[in-house]
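Structure data follow from start39.pdb (PDB, C-alpha atoms):
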```
ATOM      1  CA  MET A  11     -10.385   4.162  -5.333  1.00  0.00           C
ATOM      2  CA  LYS A  12     -13.624   5.883  -6.196  1.00  0.00           C
ATOM      3  CA  PHE A  13     -14.735   9.482  -5.703  1.00  0.00           C
ATOM      4  CA  ASP A  14     -16.791  12.320  -7.137  1.00  0.00           C
ATOM      5  CA  LEU A  15     -15.949  15.991  -7.125  1.00  0.00           C
ATOM      6  CA  VAL A  16     -17.337  19.263  -8.382  1.00  0.00           C
ATOM      7  CA  THR A  17     -14.994  21.916  -9.763  1.00  0.00           C
ATOM      8  CA  ARG A  18     -15.330  25.424 -11.154  1.00  0.00           C
ATOM      9  CA  ALA A  19     -13.403  24.242 -14.231  1.00  0.00           C
ATOM     10  CA  SER A  20     -15.534  23.699 -17.316  1.00  0.00           C
ATOM     11  CA  PRO A  21     -15.536  20.251 -18.952  1.00  0.00           C
ATOM     12  CA  GLU A  22     -13.203  21.654 -21.621  1.00  0.00           C
ATOM     13  CA  GLN A  23     -10.821  22.989 -18.957  1.00  0.00           C
ATOM     14  CA  VAL A  24     -10.866  19.669 -17.093  1.00  0.00           C
ATOM     15  CA  LEU A  25     -10.027  17.820 -20.307  1.00  0.00           C
ATOM     16  CA  GLU A  26      -7.241  20.302 -21.048  1.00  0.00           C
ATOM     17  CA  ALA A  27      -5.750  20.038 -17.547  1.00  0.00           C
ATOM     18  CA  MET A  28      -5.919  16.252 -17.498  1.00  0.00           C
ATOM     19  CA  THR A  29      -4.492  15.750 -20.987  1.00  0.00           C
ATOM     20  CA  ASP A  30      -1.778  18.418 -21.214  1.00  0.00           C
ATOM     21  CA  PHE A  31       1.432  16.414 -21.509  1.00  0.00           C
ATOM     22  CA  THR A  32       3.725  19.358 -22.184  1.00  0.00           C
ATOM     23  CA  ASP A  33       6.056  20.728 -19.496  1.00  0.00           C
ATOM     24  CA  ARG A  34       3.025  22.759 -18.383  1.00  0.00           C
ATOM     25  CA  ARG A  35       1.624  19.582 -16.760  1.00  0.00           C
ATOM     26  CA  LEU A  36       4.126  20.037 -13.936  1.00  0.00           C
ATOM     27  CA  GLN A  37       2.667  23.487 -13.240  1.00  0.00           C
ATOM     28  CA  ILE A  38      -0.965  22.411 -13.524  1.00  0.00           C
ATOM     29  CA  TRP A  39      -0.447  19.504 -11.124  1.00  0.00           C
ATOM     30  CA  LYS A  40       2.399  20.983  -9.063  1.00  0.00           C
ATOM     31  CA  LYS A  41       1.054  19.645  -5.747  1.00  0.00           C
ATOM     32  CA  THR A  42       0.307  16.123  -6.986  1.00  0.00           C
ATOM     33  CA  LEU A  43       2.937  15.333  -9.639  1.00  0.00           C
ATOM     34  CA  ASP A  44       6.589  14.713  -8.799  1.00  0.00           C
ATOM     35  CA  PRO A  45       8.869  16.410 -11.372  1.00  0.00           C
ATOM     36  CA  LYS A  46      11.658  13.940 -10.491  1.00  0.00           C
ATOM     37  CA  VAL A  47       9.518  11.039 -11.728  1.00  0.00           C
ATOM     38  CA  TYR A  48       7.457  12.648 -14.517  1.00  0.00           C
ATOM     39  CA  GLU A  49       8.420  11.644 -18.043  1.00  0.00           C
ATOM     40  CA  VAL A  50       6.379  11.636 -21.268  1.00  0.00           C
ATOM     41  CA  ARG A  51       7.278   8.549 -23.272  1.00  0.00           C
ATOM     42  CA  GLU A  52       4.872   8.727 -26.229  1.00  0.00           C
ATOM     43  CA  GLN A  53       2.066  11.002 -27.342  1.00  0.00           C
ATOM     44  CA  GLY A  54      -0.635  11.197 -30.018  1.00  0.00           C
ATOM     45  CA  ASP A  55      -3.643  13.433 -30.638  1.00  0.00           C
ATOM     46  CA  THR A  56      -5.925  11.661 -28.144  1.00  0.00           C
ATOM     47  CA  TRP A  57      -3.512   9.546 -26.104  1.00  0.00           C
ATOM     48  CA  ALA A  58      -0.250   9.701 -24.187  1.00  0.00           C
ATOM     49  CA  VAL A  59       2.065   7.419 -22.243  1.00  0.00           C
ATOM     50  CA  ALA A  60       3.767   8.952 -19.215  1.00  0.00           C
ATOM     51  CA  LYS A  61       5.636   7.907 -16.101  1.00  0.00           C
ATOM     52  CA  GLU A  62       4.129   9.611 -13.052  1.00  0.00           C
ATOM     53  CA  GLY A  63       4.335   9.599  -9.290  1.00  0.00           C
ATOM     54  CA  SER A  64       3.305  11.841  -6.428  1.00  0.00           C
ATOM     55  CA  PRO A  65       5.718  13.883  -4.320  1.00  0.00           C
ATOM     56  CA  ARG A  66       6.902  12.059  -1.182  1.00  0.00           C
ATOM     57  CA  SER A  67       5.507   8.757  -2.471  1.00  0.00           C
ATOM     58  CA  PRO A  68       7.707   5.762  -3.213  1.00  0.00           C
ATOM     59  CA  TYR A  69       5.275   4.583  -5.916  1.00  0.00           C
ATOM     60  CA  TRP A  70       5.296   5.344  -9.618  1.00  0.00           C
ATOM     61  CA  VAL A  71       3.349   4.134 -12.644  1.00  0.00           C
ATOM     62  CA  VAL A  72       3.727   4.231 -16.406  1.00  0.00           C
ATOM     63  CA  VAL A  73       0.263   5.014 -17.684  1.00  0.00           C
ATOM     64  CA  ARG A  74      -1.363   5.056 -21.097  1.00  0.00           C
ATOM     65  CA  TYR A  75      -4.091   7.703 -21.170  1.00  0.00           C
ATOM     66  CA  ASP A  76      -6.840   7.770 -23.807  1.00  0.00           C
ATOM     67  CA  TRP A  77      -9.290  10.640 -24.303  1.00  0.00           C
ATOM     68  CA  SER A  78     -10.729   9.761 -27.721  1.00  0.00           C
ATOM     69  CA  ASP A  79     -14.091  10.445 -26.023  1.00  0.00           C
ATOM     70  CA  PRO A  80     -13.585  13.964 -24.591  1.00  0.00           C
ATOM     71  CA  ARG A  81     -15.964  13.267 -21.686  1.00  0.00           C
ATOM     72  CA  LEU A  82     -14.189  10.077 -20.623  1.00  0.00           C
ATOM     73  CA  ILE A  83     -10.486   9.870 -19.883  1.00  0.00           C
ATOM     74  CA  ARG A  84      -9.356   6.274 -19.486  1.00  0.00           C
ATOM     75  CA  TRP A  85      -5.988   5.049 -18.334  1.00  0.00           C
ATOM     76  CA  THR A  86      -4.204   1.747 -18.180  1.00  0.00           C
ATOM     77  CA  GLU A  87      -1.127   1.219 -16.078  1.00  0.00           C
ATOM     78  CA  LEU A  88       1.553  -0.384 -18.242  1.00  0.00           C
ATOM     79  CA  GLU A  89       4.226  -0.645 -15.526  1.00  0.00           C
ATOM     80  CA  THR A  90       4.329  -0.037 -11.777  1.00  0.00           C
ATOM     81  CA  ASN A  91       6.861  -0.457  -9.010  1.00  0.00           C
ATOM     82  CA  HIS A  92       4.242  -1.868  -6.654  1.00  0.00           C
ATOM     83  CA  GLY A  93       2.500  -4.722  -8.415  1.00  0.00           C
ATOM     84  CA  ASP A  94       0.398  -5.721 -11.361  1.00  0.00           C
ATOM     85  CA  PRO A  95      -0.918  -2.891 -13.528  1.00  0.00           C
ATOM     86  CA  GLY A  96      -4.386  -1.466 -12.938  1.00  0.00           C
ATOM     87  CA  GLU A  97      -6.708   0.907 -14.744  1.00  0.00           C
ATOM     88  CA  GLY A  98      -9.114   3.742 -14.185  1.00  0.00           C
ATOM     89  CA  PHE A  99     -11.194   6.507 -15.672  1.00  0.00           C
ATOM     90  CA  ILE A 100     -12.558  10.006 -15.159  1.00  0.00           C
ATOM     91  CA  ARG A 101     -16.057  10.768 -16.410  1.00  0.00           C
ATOM     92  CA  ILE A 102     -16.563  14.509 -16.987  1.00  0.00           C
ATOM     93  CA  ALA A 103     -20.042  16.085 -16.958  1.00  0.00           C
ATOM     94  CA  PRO A 104     -21.161  19.724 -16.979  1.00  0.00           C
ATOM     95  CA  HIS A 105     -22.260  21.090 -13.597  1.00  0.00           C
ATOM     96  CA  GLY A 106     -24.036  24.403 -13.163  1.00  0.00           C
ATOM     97  CA  ALA A 107     -23.322  27.310 -15.478  1.00  0.00           C
ATOM     98  CA  ASP A 108     -19.570  26.849 -15.883  1.00  0.00           C
ATOM     99  CA  GLY A 109     -18.335  23.958 -13.757  1.00  0.00           C
ATOM    100  CA  SER A 110     -17.924  20.209 -13.993  1.00  0.00           C
ATOM    101  CA  ARG A 111     -18.719  17.096 -12.013  1.00  0.00           C
ATOM    102  CA  LEU A 112     -16.115  14.347 -12.150  1.00  0.00           C
ATOM    103  CA  HIS A 113     -16.593  10.704 -11.317  1.00  0.00           C
ATOM    104  CA  VAL A 114     -13.249   8.925 -10.811  1.00  0.00           C
ATOM    105  CA  GLU A 115     -12.532   5.233 -10.424  1.00  0.00           C
ATOM    106  CA  TRP A 116      -9.082   3.708 -10.205  1.00  0.00           C
ATOM    107  CA  GLY A 117      -7.969   0.208  -9.347  1.00  0.00           C
ATOM    108  CA  THR A 118      -4.478  -1.138  -8.924  1.00  0.00           C
ATOM    109  CA  HIS A 119      -3.134  -4.533  -7.964  1.00  0.00           C
ATOM    110  CA  PRO A 120      -0.222  -4.548  -5.488  1.00  0.00           C
ATOM    111  CA  VAL A 121       1.495  -7.879  -4.923  1.00  0.00           C
ATOM    112  CA  ARG A 122       3.985  -7.391  -2.062  1.00  0.00           C
ATOM    113  CA  PRO A 123       2.375  -7.494   1.404  1.00  0.00           C
ATOM    114  CA  ARG A 124       3.677  -4.034   2.440  1.00  0.00           C
ATOM    115  CA  ASP A 125       2.418  -2.520  -0.820  1.00  0.00           C
ATOM    116  CA  LYS A 126      -0.969  -4.210  -0.405  1.00  0.00           C
ATOM    117  CA  VAL A 127      -1.392  -2.467   2.951  1.00  0.00           C
ATOM    118  CA  ALA A 128      -0.195   0.904   1.650  1.00  0.00           C
ATOM    119  CA  ILE A 129      -2.330   0.825  -1.496  1.00  0.00           C
ATOM    120  CA  PHE A 130      -5.359  -0.431   0.459  1.00  0.00           C
ATOM    121  CA  LEU A 131      -5.016   2.514   2.858  1.00  0.00           C
ATOM    122  CA  LEU A 132      -4.525   4.931  -0.026  1.00  0.00           C
ATOM    123  CA  HIS A 133      -7.570   3.689  -1.910  1.00  0.00           C
ATOM    124  CA  HIS A 134      -9.860   3.388   1.107  1.00  0.00           C
ATOM    125  CA  THR A 135      -8.905   6.327   3.305  1.00  0.00           C
ATOM    126  CA  MET A 136      -7.539   8.949   0.943  1.00  0.00           C
ATOM    127  CA  ASN A 137     -10.415   9.307  -1.549  1.00  0.00           C
ATOM    128  CA  GLY A 138     -11.600  12.553   0.036  1.00  0.00           C
ATOM    129  CA  VAL A 139      -8.092  13.961   0.363  1.00  0.00           C
ATOM    130  CA  ILE A 140      -7.251  13.215  -3.256  1.00  0.00           C
ATOM    131  CA  ALA A 141     -10.602  14.601  -4.449  1.00  0.00           C
ATOM    132  CA  ARG A 142      -9.930  17.864  -2.554  1.00  0.00           C
ATOM    133  CA  MET A 143      -6.411  18.104  -3.996  1.00  0.00           C
ATOM    134  CA  TRP A 144      -7.689  17.574  -7.542  1.00  0.00           C
ATOM    135  CA  ARG A 145     -10.529  20.077  -7.030  1.00  0.00           C
ATOM    136  CA  LYS A 146      -8.093  22.690  -5.732  1.00  0.00           C
ATOM    137  CA  GLU A 147      -5.759  22.224  -8.700  1.00  0.00           C
ATOM    138  CA  LEU A 148      -8.634  22.267 -11.225  1.00  0.00           C
ATOM    139  CA  ASP A 149     -10.221  25.355  -9.630  1.00  0.00           C
ATOM    140  CA  ARG A 150      -6.831  27.125  -9.778  1.00  0.00           C
ATOM    141  CA  PHE A 151      -6.467  26.065 -13.430  1.00  0.00           C
ATOM    142  CA  ALA A 152      -9.946  27.443 -14.220  1.00  0.00           C
ATOM    143  CA  GLN A 153      -8.970  30.847 -12.825  1.00  0.00           C
ATOM    144  CA  GLY A 154      -6.072  31.011 -15.262  1.00  0.00           C
TER
END
```

Once you've parsed the file, please lay out its structure as structure tokens.
Amino acid sequence: MKFDLVTRASPEQVLEAMTDFTDRRLQIWKKTLDPKVYEVREQGDTWAVAKEGSPRSPYWVVVRYDWSDPRLIRWTELETNHGDPGEGFIRIAPHGADGSRLHVEWGTHPVRPRDKVAIFLLHHTMNGVIARMWRKELDRFAQG
């Protein structure tokens, strides 16, 4: 999966929204994060390990996030229910007076034939949908 998006959220707000692993994360990402699956397992100053999944999706991942570089959030899937772990990143750059431009790349490695089809479709047809969902959530977060 690969996409770019522009949001009204500042780079600092994007970093905050993407790396808030308190219970507030469920509010920030209420359209894209399933509260039945979400679980923080470990957390440090610039990293966290969490189990996450999207509402109405059968797939979940346990991900280790790292934001030691505040303009680059990297993640590594440690466990999945659909195949071999993958990885990804979000590069955050200023855009205009107050906004941000994000470049997102995410790869995963399904092994079962049905999951290969589903993940292929997700990664090749849903980039725009996911980018719009993220932009909407980040714009809402920026408004406070």

Check: For Thr29 in chain A, which of A:Pro80, A:Pro65, A:Gly154, A:Pro45 is the closest residue, counting all atoms listed in the file?
Finding: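 Smallest distance to Thr29 in chain A is found for A:Pro80.
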
Item checked: Spatial neighbours of His105 in chain A, max dist 10 Å, all atoms listed in the file, sep filter under 5 positions, as a ChimeraX atom specification -> /A:16-21,110-112

What would the file look like if the residues just selected were written as a JSON list (two decimals), keeping the file's coordinate frame with C-alpha atoms?
```
[["chain", "number", "residue", "atom", "x", "y", "z"],
["A", 16, "VAL", "CA", -17.34, 19.26, -8.38],
["A", 17, "THR", "CA", -14.99, 21.92, -9.76],
["A", 18, "ARG", "CA", -15.33, 25.42, -11.15],
["A", 19, "ALA", "CA", -13.40, 24.24, -14.23],
["A", 20, "SER", "CA", -15.53, 23.70, -17.32],
["A", 21, "PRO", "CA", -15.54, 20.25, -18.95],
["A", 110, "SER", "CA", -17.92, 20.21, -13.99],
["A", 111, "ARG", "CA", -18.72, 17.10, -12.01],
["A", 112, "LEU", "CA", -16.11, 14.35, -12.15]]
```

Next item on the list: Could you expand the PyMOL selection byres ((chain A and resi 82) around 8) into the explicit residues it covers here, written as JSON, numbers by chain?
Entry: {"A": [77, 78, 79, 80, 81, 83, 84, 99, 100, 101, 102]}

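Distances here use all atoms listed in the file; by that measure, the residue among A:Leu43, A:Val59, A:Met28, A:Val114 closest to Asn137 in chain A is A:Val114.
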
Notebook entry, point to check: If you apply the PyMOL selection byres ((chain A and resi 13) around 8) to this file, what residues do you get, as an NGL selection string?
Noted result: :A and (11-12 or 14-15 or 113-115 or 137-138 or 141)

Next item on the list: Could you tell me how far CA of Thr90 in chain A lies from CA of Lys61 in chain A, in Å and to one decimal?
Entry: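 Distance between the two atoms: 9.1 Å.
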
Padding 5 Å on every side, please: axis-aligned box over the listed atoms of range 66-71 of chain A, centre and edge lengths to one decimal in Å, as AutoDock Vina command-line options.
```
--center_x 5.5 --center_y 8.1 --center_z -6.9 --size_x 14.4 --size_y 17.9 --size_z 21.5
```
